[in-house]
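Below: the structure, in structure tokens.
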Amino acid sequence: MTTTNRITNFLLVMGAASVASCAKPPGLPPKPTEVTVQTVVAQARTVKRVQLFPGTTASVHPVKISARVTGFLEQAHVTDGAVVKAGDLLYTIDQQPFQATLDQAKGTLAQANAQVLGSRAARDLSQRDVDRNRALADSGAVSKQSFDQMTSKLEQADAQLSAAQAAVVTATAQVETATLNLSYCKVTAPAAGLLGKSLAFQGQMVGPGYTVELNDLVQLDPMWAEFSPSATQWPEISAMLAKGDILARIGYGGAPSIQAEGKVSFTANQVDKSTSTLMMRVTFTNPGAIFRPGTFVDVSLDLGEIPNVVMIPTSALVARETDFFVWRVKGDGSVENVRVKASTREENLVGISSGISAGDRIVAVGTQKLRDGSKIVEDKNAASTAVDAVTSSAEAVTTAAASVKIGETK
């Protein structure tokens, strides 16, 4: 390479270096964008202690409507699924054969009563003959043989009267049986409730030996909710029962806004060996008949109060698989993701047993926009109390909460 070429290359390199030295320095990272949220300070308070159990509803008075006599089903007086009162006529079975049997029994009874009257008159006549001739027999005016015949006749009259009276008793029983069977031809509702679908129809032979069951009836108010807590939970529940009634709230499965109230009314006397659970019942009012037997429900038992529970809005919970997290505000205005453990629920609030403390500031609305280290700014247009602003967000964590059984506290 010639000297001229070396100089030329040197100048090119120096020129490039000069251009590079004159370029602007690399740009700084952009300032993080602040996220507008609503926050709330976690508060410690006394809350009701509630245990939540899955259960099913059952009627307190389920009845199988059956035909007690054999005959042709003459008429159904109500439609399937009708609401009936106690004593309402449901079905009529052909009454003619039973009416005929009753008429015959009444005729037999009338004959028996007439026979009693005749036997009593004969017996009274024999008695008078014996009474009149007793003194004559003693004096010898009437032979002993004649008097013995009179006495024998009186004994026969007594026997005939007893037989006639027994026939009256038998005939009376036949009349009562025939009357009862005739009454069974009219099938009435044994209690107020809701009918199911008919299992027999007009013209069909029903009764013993044929179709016995005609329908079923369930009472809907009040009702039972049956649930089975673990045997390990029984001592605590038993202690509460010893203090008085345990109140309960029944939530309709899949529709938590539909609720009813009642109290524990029954506890089984044995633990189920296969499941180590103890069946219990809550009796509750069901005036709107919304709950039907066999409905899956949530049974929440009121087991007193828990002091100093850290409460936050349910909207502050972020569900991730089977865990819950909240966004806690740090001193520099940034947020951090904290795992928490939910312990109990009260309307739109949830109790936290670990992870945060009373006084911590928690993001209640706007959690979906946050990342670790995000800077936040309070929404100036929000209501002064974030708790009031999150009512509509409570449903967002219901499914995840159920997966870890919020409300079951130990």
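Ordering of the structure tokens sets the chain letters (A, B, ...), residue numbers begin anew at 1 in every chain, and ligands are numbered from 1 in the order given.
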Any chance you could tabulate, as a Markdown table, the residues of region 195-312 of chain A at most 7 Å from region 348-352 of chain A with each one's nearest atom pair and distance in Å to one decimal, using only C-alpha atoms, in chain and rising number order?
| residue | atom | partner | partner_atom | distance |
| --- | --- | --- | --- | --- |
| A:Val309 | CA | A:Gly351 | CA | 5.9 |
| A:Val310 | CA | A:Ile352 | CA | 5.4 |
| A:Met311 | CA | A:Gly351 | CA | 4.5 |
| A:Ile312 | CA | A:Leu349 | CA | 5.5 |
Written file, previous selection with N, CA, C and O atoms, as a PDB file, in the first residue's frame:
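Output (selection36.pdb):
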ATOM      1  N   VAL A 309     -60.706  -9.480  62.230  1.00  0.00           N
ATOM      2  CA  VAL A 309     -60.488 -10.056  60.900  1.00  0.00           C
ATOM      3  C   VAL A 309     -60.178  -8.930  59.925  1.00  0.00           C
ATOM      4  O   VAL A 309     -60.874  -7.927  59.864  1.00  0.00           O
ATOM      5  N   VAL A 310     -59.106  -9.098  59.156  1.00  0.00           N
ATOM      6  CA  VAL A 310     -58.733  -8.102  58.153  1.00  0.00           C
ATOM      7  C   VAL A 310     -59.663  -8.259  56.962  1.00  0.00           C
ATOM      8  O   VAL A 310     -59.699  -9.306  56.313  1.00  0.00           O
ATOM      9  N   MET A 311     -60.430  -7.207  56.646  1.00  0.00           N
ATOM     10  CA  MET A 311     -61.442  -7.265  55.604  1.00  0.00           C
ATOM     11  C   MET A 311     -61.047  -6.365  54.433  1.00  0.00           C
ATOM     12  O   MET A 311     -60.591  -5.236  54.631  1.00  0.00           O
ATOM     13  N   ILE A 312     -61.241  -6.877  53.226  1.00  0.00           N
ATOM     14  CA  ILE A 312     -61.027  -6.100  52.003  1.00  0.00           C
ATOM     15  C   ILE A 312     -62.179  -6.400  51.054  1.00  0.00           C
ATOM     16  O   ILE A 312     -62.863  -7.414  51.205  1.00  0.00           O
TER      17      ILE A 312
END
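Close contacts of Met240 (chain A), defined as residues with an atom at most 12 Å away when counting only C-alpha atoms, with chain neighbours fewer than 2 positions off set aside, comprise A:Arg49, A:Gln233, A:Trp234, A:Pro235, A:Glu236, A:Ile237, A:Ser238, A:Ala242, A:Lys243, A:Gly244, A:Asp245, A:Ile246, A:Leu247, A:Val264, A:Leu301, A:Asp302, A:Leu303, A:Gly304, A:Glu305.
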Problem set entry | region 47-265 of chain A: residues DSSP assigns to helix (DSSP H, G or I), reported as number ranges by chain | A: 96-139, 144-183, 231-243
For this session: Fewer than 3 positions away in the same chain doesn't count, so skip those; otherwise give me all residues within 10 Å of Met205 (chain A), counting only C-alpha atoms, as a list in words.
Result: Thr70, Gly71, Phe72, Leu73, Glu74, Ile93, Asp94, Ala200, Phe201, Gln202, Pro208, Gly209, Tyr210, Thr211 and Val212 of chain A
Exercise. What's the 12 Å shell around Glu336 (chain A), counting only C-alpha atoms, without same-chain residues fewer than 3 positions away, as an MDAnalysis selection string?
Worked result: chainID A and resid 325:333 339 355:356 360:363 367 370:376
Shell of 10 Å around Leu195 (chain A), only C-alpha atoms, local chain residues under 6 positions omitted, as a PDB file with N, CA, C and O atoms, in the first residue's frame:
ATOM      1  N   VAL A  63     -95.340 -37.744  50.181  1.00  0.00           N
ATOM      2  CA  VAL A  63     -96.382 -38.767  50.287  1.00  0.00           C
ATOM      3  C   VAL A  63     -96.581 -39.449  48.940  1.00  0.00           C
ATOM      4  O   VAL A  63     -96.654 -38.775  47.899  1.00  0.00           O
ATOM      5  N   LYS A  64     -96.682 -40.766  48.958  1.00  0.00           N
ATOM      6  CA  LYS A  64     -97.076 -41.521  47.775  1.00  0.00           C
ATOM      7  C   LYS A  64     -98.600 -41.680  47.809  1.00  0.00           C
ATOM      8  O   LYS A  64     -99.145 -42.265  48.745  1.00  0.00           O
ATOM      9  N   ILE A  65     -99.288 -41.149  46.816  1.00  0.00           N
ATOM     10  CA  ILE A  65    -100.744 -41.257  46.742  1.00  0.00           C
ATOM     11  C   ILE A  65    -101.077 -42.625  46.145  1.00  0.00           C
ATOM     12  O   ILE A  65    -100.729 -42.893  44.991  1.00  0.00           O
ATOM     13  N   VAL A  78    -107.913 -33.387  39.440  1.00  0.00           N
ATOM     14  CA  VAL A  78    -106.938 -32.305  39.380  1.00  0.00           C
ATOM     15  C   VAL A  78    -105.938 -32.609  38.266  1.00  0.00           C
ATOM     16  O   VAL A  78    -105.782 -33.758  37.854  1.00  0.00           O
ATOM     17  N   THR A  79    -105.275 -31.585  37.807  1.00  0.00           N
ATOM     18  CA  THR A  79    -104.274 -31.764  36.758  1.00  0.00           C
ATOM     19  C   THR A  79    -102.927 -32.107  37.370  1.00  0.00           C
ATOM     20  O   THR A  79    -102.673 -31.847  38.553  1.00  0.00           O
ATOM     21  N   ASP A  80    -102.068 -32.693  36.550  1.00  0.00           N
ATOM     22  CA  ASP A  80    -100.713 -32.999  37.005  1.00  0.00           C
ATOM     23  C   ASP A  80    -100.004 -31.716  37.422  1.00  0.00           C
ATOM     24  O   ASP A  80    -100.118 -30.672  36.784  1.00  0.00           O
ATOM     25  N   GLY A  81     -99.271 -31.800  38.536  1.00  0.00           N
ATOM     26  CA  GLY A  81     -98.522 -30.646  39.006  1.00  0.00           C
ATOM     27  C   GLY A  81     -99.348 -29.594  39.712  1.00  0.00           C
ATOM     28  O   GLY A  81     -98.860 -28.487  39.945  1.00  0.00           O
ATOM     29  N   ALA A  82    -100.587 -29.938  40.094  1.00  0.00           N
ATOM     30  CA  ALA A  82    -101.450 -28.953  40.752  1.00  0.00           C
ATOM     31  C   ALA A  82    -101.028 -28.739  42.201  1.00  0.00           C
ATOM     32  O   ALA A  82    -100.527 -29.648  42.865  1.00  0.00           O
ATOM     33  N   VAL A  83    -101.248 -27.537  42.685  1.00  0.00           N
ATOM     34  CA  VAL A  83    -101.070 -27.227  44.102  1.00  0.00           C
ATOM     35  C   VAL A  83    -102.397 -27.522  44.801  1.00  0.00           C
ATOM     36  O   VAL A  83    -103.438 -26.991  44.392  1.00  0.00           O
ATOM     37  N   VAL A  84    -102.377 -28.378  45.815  1.00  0.00           N
ATOM     38  CA  VAL A  84    -103.614 -28.810  46.467  1.00  0.00           C
ATOM     39  C   VAL A  84    -103.554 -28.527  47.951  1.00  0.00           C
ATOM     40  O   VAL A  84    -102.480 -28.354  48.532  1.00  0.00           O
ATOM     41  N   LEU A  90    -108.745 -35.839  44.740  1.00  0.00           N
ATOM     42  CA  LEU A  90    -107.773 -36.029  43.666  1.00  0.00           C
ATOM     43  C   LEU A  90    -108.263 -37.016  42.614  1.00  0.00           C
ATOM     44  O   LEU A  90    -108.212 -36.736  41.420  1.00  0.00           O
ATOM     45  N   ALA A 189    -106.221 -35.536  49.131  1.00  0.00           N
ATOM     46  CA  ALA A 189    -104.864 -35.120  49.479  1.00  0.00           C
ATOM     47  C   ALA A 189    -104.684 -35.204  50.991  1.00  0.00           C
ATOM     48  O   ALA A 189    -105.463 -34.612  51.739  1.00  0.00           O
ATOM     49  N   ASN A 215     -99.958 -41.183  42.278  1.00  0.00           N
ATOM     50  CA  ASN A 215     -99.234 -39.924  42.132  1.00  0.00           C
ATOM     51  C   ASN A 215     -98.357 -39.751  43.362  1.00  0.00           C
ATOM     52  O   ASN A 215     -98.358 -40.605  44.257  1.00  0.00           O
ATOM     53  N   ASP A 216     -97.623 -38.673  43.412  1.00  0.00           N
ATOM     54  CA  ASP A 216     -96.867 -38.336  44.619  1.00  0.00           C
ATOM     55  C   ASP A 216     -97.094 -36.871  44.952  1.00  0.00           C
ATOM     56  O   ASP A 216     -97.396 -36.054  44.072  1.00  0.00           O
ATOM     57  N   LEU A 217     -96.975 -36.570  46.234  1.00  0.00           N
ATOM     58  CA  LEU A 217     -97.257 -35.231  46.734  1.00  0.00           C
ATOM     59  C   LEU A 217     -96.100 -34.806  47.623  1.00  0.00           C
ATOM     60  O   LEU A 217     -95.631 -35.585  48.455  1.00  0.00           O
ATOM     61  N   VAL A 218     -95.619 -33.585  47.448  1.00  0.00           N
ATOM     62  CA  VAL A 218     -94.547 -33.071  48.296  1.00  0.00           C
ATOM     63  C   VAL A 218     -94.981 -31.752  48.914  1.00  0.00           C
ATOM     64  O   VAL A 218     -95.595 -30.914  48.259  1.00  0.00           O
ATOM     65  N   GLN A 219     -94.691 -31.605  50.185  1.00  0.00           N
ATOM     66  CA  GLN A 219     -94.930 -30.334  50.859  1.00  0.00           C
ATOM     67  C   GLN A 219     -93.720 -29.438  50.616  1.00  0.00           C
ATOM     68  O   GLN A 219     -92.575 -29.876  50.757  1.00  0.00           O
TER      69      GLN A 219
END
Problem set entry | Residues near Ser353 (chain A), cut-off 7 Å, only C-alpha atoms, skip fewer than 2 positions along chain, as a ChimeraX atom specification | /A:341-343,351
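The gap separating CA of Ser315 (chain A) from CA of Glu261 (chain A) is 26.3 Å, in Å to one decimal.
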For this session: Find the residues around Gly253 (chain A) up to 8 Å (only C-alpha atoms counted), leave out those fewer than 6 positions away in its own chain, and share them as a VMD selection string.
Result: chain A and resid 295 to 298
Write the residues of the selection above to a file with C-alpha atoms, as a PDB file, in the first residue's frame.
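Below is the file out.pdb, written as the result:
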ATOM      1  CA  THR A 295     -82.145 -28.965  44.644  1.00  0.00           C
ATOM      2  CA  PHE A 296     -78.402 -28.558  45.195  1.00  0.00           C
ATOM      3  CA  VAL A 297     -77.879 -25.764  47.714  1.00  0.00           C
ATOM      4  CA  ASP A 298     -75.188 -24.052  49.781  1.00  0.00           C
TER       5      ASP A 298
END
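Of note, CA of Thr151 (chain A) and CA of Leu125 (chain A) are spaced 11.5 Å apart.
In this model, the gap between CA of Arg123 (chain A) and CA of Ala157 (chain A) comes to 4.6 Å.
The smallest atom-to-atom distance between Gln111 (chain A) and any of A:Lys85, A:Thr172, A:Pro97, A:Val130, using only C-alpha atoms, is found for A:Thr172.
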For this session: Write out as a PyMOL selection string all residues of region 149-385 of chain A that backbone DSSP assigns to strand (DSSP E or B).
Result: chain A and resi 186-188+193-195+205-206+211+213-218+223-227+230+247-252+255-267+272+277+280-284+296-313+318-320+323-329+334-346+349-354+361-365+375-378
For this session: Give the answer as one residue: which of A:Glu346, A:Asp221, A:Asp148, A:Asp138 has the shortest atom-to-atom distance to Gly193 (chain A), using only C-alpha atoms?
Result: A:Asp221
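Nearest to Gln165 (chain A) of all the residues A:Leu241, A:Ala112, A:Val206, A:Ile290 is A:Ala112, counting only C-alpha atoms.
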